[in-house]
Amino acid sequence: MKILVTGGAGFIGSAFVRLVLERYPDDTVTTLDALTYAGNRANLSELEQNPRHSFVHGDIADVPLVDGLIAGHDAVVNFAAETHVDRSLLDPSAFLRSNVEGVYVLLDAVRRHGGRLVQVSTDEVYGDIPEGKFSLESDPLAPRSPYAAAKAGGELFCRSFSISYGIDVVVTRGCNTIGPRQYPEKLVPLFITNALEGRPLPVYGDGLQVRDWLHVEDHAAGIDLALRQGRSCEIYNIGAGNERPNIDVVRQLLAHLDKSECLIAYVPDRPGHDRRYALDSTKIRAHLGWAPQRDFEATLGDTIDWYLSHPEWWQAIRNASGEFAEYYERQYGWRLAAAGRDEG
Ligand code: DAU
């Protein structure tokens with residue numbers, strides 16, 4: 001199969017590219033990535049000499065570029081997106097462009113040229129889930145952040161194109177994903193790297209919000225099954241069943257690193273913060289035979305160990321003069337000083 005992976009230089013996208021090239025010797029992959037702040041060529045560096053992989057620098061909202069690329073592929077798997085809730089609260093406009101307009105451009109090209117589109121979406125489209133309930137694919141969409149609203153908008157375009165034009169689209173909705181190469185703005189990589197630098201860990205509100213944690217390679221495997229065996233027009237939840245309150249995750253992370261809980265700093269809550277996400281993944285498990293290969297401890301442990309053994313990767317991002325430092329100061333009001341603790 002010839003697969004176009006959009007956003008393939010990002011966190012989950014690059015894990016998916018590696019998985020395909022390792023598992024399927026007859027497949028070829030083209031990665032299209034705009035290399036915005038979270039896209040990183042270093043995530044694909046070991047594939048530079050691989051004759052079955054090629055890289056194109058560009059934007060999914062670029063109509064002629066996308067049109068030309070899709071014509072030569074059997075399927076598109078779309079990871080390209082703005083993904084961070086806190087950034088969507090600071091500036092929603094980029095989310096509209098990538099997560100809605102970009103998806104529309106991909107769909108329109110698939111309409112002209114054929115092939116399957118897998119749209120990688122998120123459990124956040126369901127919104128806040130009360131205790132005891134688990135989101136099913138048939139549940140209504142109730143996004144609450146600009147990020148989640150934009151992802152829901154992209155999904156609705158997928159639905160409308162499959163109904164109106166009969167194009168072949170499959171949607172996956174994943175839970176919180178961790179593992180190697182995640183940009184250190186998200187809870188787990190931010191807290192690992194802050195702890196390693198002796199900086200405070202900013203826990204929003206009471207820290208009792210609940211998320212379900214999945215390893216990136218397990219997530220990529222679920223998306224791969226959806227691509228190859230998923231039914232057209234269907235949606236598949238991909239959840240690990242590892243529900244944990246944030247503060248438990250943070251304590252476990254500090255214990256694994258042998259760092260003091262004194263680093264925990266409670267800070268004002270995220271506006272509109274969803275209290276809990278929880279997915280019912282019966283469908284992908286029963287219909288496609290998916291199951292995560294790691295439990296929560298192995299998922300978190302593997303993530304921490306990767307950051308411990310790859311300081312060059314995250315230190316390059318956290319360089320005090322870079323994009324990350326600007327965002328960090330804007331979001332937390334803390335400066336990334338060159339060395340030692342900041343004023344948090
Ligand atoms: O559920 C899937 C989603 O998971 C993905 O669609 C998103 O792209 C991804 O960002 C993630 O969303 P969250 O908002 O749940 O992830 P984040 O790592 O930002 O936050 C996880 C939890 O930790 C959430 O309850 C907010 C909290 N948090 C986060 C940060 C960055 C803190 O308490 N402090 C922080 O500094």
# chains A, B, ... in the order shown; residues from 1 in each chain; ligands from 1

$ closest_atom_pairs --of "segment 170-228 of chain A" --to "segment 27-51 of chain A" --cutoff "10 Å" --atoms "only C-alpha atoms" --output "Markdown table"
| residue | atom | partner | partner_atom | distance |
| --- | --- | --- | --- | --- |
| A:Pro180 | CA | A:Asn43 | CA | 9.4 |
| A:Arg181 | CA | A:Asn43 | CA | 6.8 |
| A:Gln182 | CA | A:Ala38 | CA | 8.3 |
| A:Tyr183 | CA | A:Ala38 | CA | 6.0 |
| A:Pro184 | CA | A:Ala38 | CA | 9.3 |
| A:Glu185 | CA | A:Ala38 | CA | 9.5 |

$ write_last_selection --atoms "C-alpha atoms" --output "short mmCIF file (atom, residue, chain, number, x, y, z; two decimals), in the first residue's frame"
data_model
loop_
_atom_site.label_atom_id
_atom_site.label_comp_id
_atom_site.auth_asym_id
_atom_site.auth_seq_id
_atom_site.Cartn_x
_atom_site.Cartn_y
_atom_site.Cartn_z
CA PRO A 180 8.82 8.81 23.19
CA ARG A 181 9.02 12.09 21.22
CA GLN A 182 6.01 13.98 22.62
CA TYR A 183 6.52 17.75 22.57
CA PRO A 184 7.10 18.72 26.21
CA GLU A 185 4.04 20.96 26.55
#

$ residues_near_ligand --ligand "ligand 1" --cutoff "6 Å" --atoms "only C-alpha atoms and all ligand atoms" --output "list in words"
Thr83, His84, Val85, Thr122, Asp123, Glu124, Gly174, Cys175, Asn176, Glu185, Lys186, Leu187, Pro202, Val203, Tyr204, Gly207, Gln209 and Asn246 of chain A

$ residues_around --residues "Leu254 of chain A" --least-positions-apart "3" --cutoff "9 Å" --atoms "only C-alpha atoms" --output "list in words"
Phe191, Ile192, Ala195, Val249, Val250, Arg251, Leu257, Asp258, Lys259, Ser260, Glu261 and Leu263 of chain A

$ atom_distance --atom1 "atom CA of Gly127 of chain A" --atom2 "atom CA of Ala291 of chain A"
24.0 Å

$ select_by_dssp --residues "segment 116-308 of chain A" --states "strand (DSSP E or B)" --output "PyMOL selection string"
chain A and resi 116-122+135+168-174+176-178+201-204+210-215+235-238+243-245+264-267+276+279

$ select_by_dssp --residues "segment 120-156 of chain A" --states "helix (DSSP H, G or I)" --output "VMD selection string"
chain A and resid 123 to 126 146 to 156

$ write_last_selection --atoms "N, CA, C and O atoms" --output "PDB file, in the first residue's frame"
ATOM      1  N   ASP A 123     -10.784  11.693  22.001  1.00  0.00           N
ATOM      2  CA  ASP A 123     -11.912  11.515  22.933  1.00  0.00           C
ATOM      3  C   ASP A 123     -12.456  12.854  23.429  1.00  0.00           C
ATOM      4  O   ASP A 123     -13.536  12.910  24.014  1.00  0.00           O
ATOM      5  N   GLU A 124     -11.705  13.938  23.189  1.00  0.00           N
ATOM      6  CA  GLU A 124     -12.164  15.246  23.690  1.00  0.00           C
ATOM      7  C   GLU A 124     -13.420  15.724  22.974  1.00  0.00           C
ATOM      8  O   GLU A 124     -14.107  16.623  23.458  1.00  0.00           O
ATOM      9  N   VAL A 125     -13.746  15.131  21.814  1.00  0.00           N
ATOM     10  CA  VAL A 125     -14.975  15.554  21.121  1.00  0.00           C
ATOM     11  C   VAL A 125     -16.218  15.207  21.932  1.00  0.00           C
ATOM     12  O   VAL A 125     -17.265  15.821  21.764  1.00  0.00           O
ATOM     13  N   TYR A 126     -16.119  14.236  22.856  1.00  0.00           N
ATOM     14  CA  TYR A 126     -17.280  13.877  23.684  1.00  0.00           C
ATOM     15  C   TYR A 126     -17.497  14.871  24.820  1.00  0.00           C
ATOM     16  O   TYR A 126     -18.553  14.861  25.454  1.00  0.00           O
ATOM     17  N   PRO A 146     -11.784  25.119  22.458  1.00  0.00           N
ATOM     18  CA  PRO A 146     -11.628  25.401  21.015  1.00  0.00           C
ATOM     19  C   PRO A 146     -10.923  24.253  20.291  1.00  0.00           C
ATOM     20  O   PRO A 146     -11.260  23.935  19.149  1.00  0.00           O
ATOM     21  N   TYR A 147      -9.955  23.625  20.952  1.00  0.00           N
ATOM     22  CA  TYR A 147      -9.289  22.464  20.326  1.00  0.00           C
ATOM     23  C   TYR A 147     -10.305  21.371  20.007  1.00  0.00           C
ATOM     24  O   TYR A 147     -10.368  20.862  18.875  1.00  0.00           O
ATOM     25  N   ALA A 148     -11.088  20.985  21.023  1.00  0.00           N
ATOM     26  CA  ALA A 148     -12.038  19.880  20.837  1.00  0.00           C
ATOM     27  C   ALA A 148     -13.106  20.247  19.813  1.00  0.00           C
ATOM     28  O   ALA A 148     -13.528  19.404  19.005  1.00  0.00           O
ATOM     29  N   ALA A 149     -13.521  21.520  19.816  1.00  0.00           N
ATOM     30  CA  ALA A 149     -14.528  21.955  18.839  1.00  0.00           C
ATOM     31  C   ALA A 149     -13.985  21.841  17.420  1.00  0.00           C
ATOM     32  O   ALA A 149     -14.685  21.414  16.495  1.00  0.00           O
ATOM     33  N   ALA A 150     -12.713  22.214  17.233  1.00  0.00           N
ATOM     34  CA  ALA A 150     -12.119  22.137  15.890  1.00  0.00           C
ATOM     35  C   ALA A 150     -11.981  20.678  15.455  1.00  0.00           C
ATOM     36  O   ALA A 150     -12.238  20.340  14.292  1.00  0.00           O
ATOM     37  N   LYS A 151     -11.592  19.786  16.377  1.00  0.00           N
ATOM     38  CA  LYS A 151     -11.492  18.368  16.012  1.00  0.00           C
ATOM     39  C   LYS A 151     -12.882  17.822  15.669  1.00  0.00           C
ATOM     40  O   LYS A 151     -13.036  17.039  14.730  1.00  0.00           O
ATOM     41  N   ALA A 152     -13.895  18.221  16.432  1.00  0.00           N
ATOM     42  CA  ALA A 152     -15.264  17.773  16.130  1.00  0.00           C
ATOM     43  C   ALA A 152     -15.705  18.302  14.765  1.00  0.00           C
ATOM     44  O   ALA A 152     -16.336  17.590  13.981  1.00  0.00           O
ATOM     45  N   GLY A 153     -15.314  19.553  14.463  1.00  0.00           N
ATOM     46  CA  GLY A 153     -15.651  20.128  13.151  1.00  0.00           C
ATOM     47  C   GLY A 153     -15.024  19.319  12.019  1.00  0.00           C
ATOM     48  O   GLY A 153     -15.674  19.016  11.012  1.00  0.00           O
ATOM     49  N   GLY A 154     -13.760  18.946  12.180  1.00  0.00           N
ATOM     50  CA  GLY A 154     -13.083  18.118  11.171  1.00  0.00           C
ATOM     51  C   GLY A 154     -13.814  16.795  10.987  1.00  0.00           C
ATOM     52  O   GLY A 154     -14.032  16.324   9.865  1.00  0.00           O
ATOM     53  N   GLU A 155     -14.214  16.196  12.098  1.00  0.00           N
ATOM     54  CA  GLU A 155     -14.949  14.921  12.021  1.00  0.00           C
ATOM     55  C   GLU A 155     -16.279  15.083  11.286  1.00  0.00           C
ATOM     56  O   GLU A 155     -16.686  14.215  10.521  1.00  0.00           O
ATOM     57  N   LEU A 156     -16.956  16.190  11.549  1.00  0.00           N
ATOM     58  CA  LEU A 156     -18.267  16.376  10.912  1.00  0.00           C
ATOM     59  C   LEU A 156     -18.121  16.567   9.410  1.00  0.00           C
ATOM     60  O   LEU A 156     -18.966  16.126   8.629  1.00  0.00           O
TER      61      LEU A 156
END

$ closest_residue --among "A:Arg330, A:Arg318, A:Pro25, A:Val20" --to "Asn194 of chain A" --atoms "only C-alpha atoms"
A:Arg318

$ atom_distance --atom1 "atom CA of Ala220 of chain A" --atom2 "atom CA of Arg18 of chain A"
9.4 Å

$ atom_distance --atom1 "atom CA of Arg116 of chain A" --atom2 "atom CA of Val76 of chain A"
6.3 Å

$ residues_around --residues "Asn242 of chain A" --least-positions-apart "2" --cutoff "10 Å" --atoms "only C-alpha atoms" --output "PyMOL selection string"
chain A and resi 175-176+210-214+239-240+244+278+295-297+299
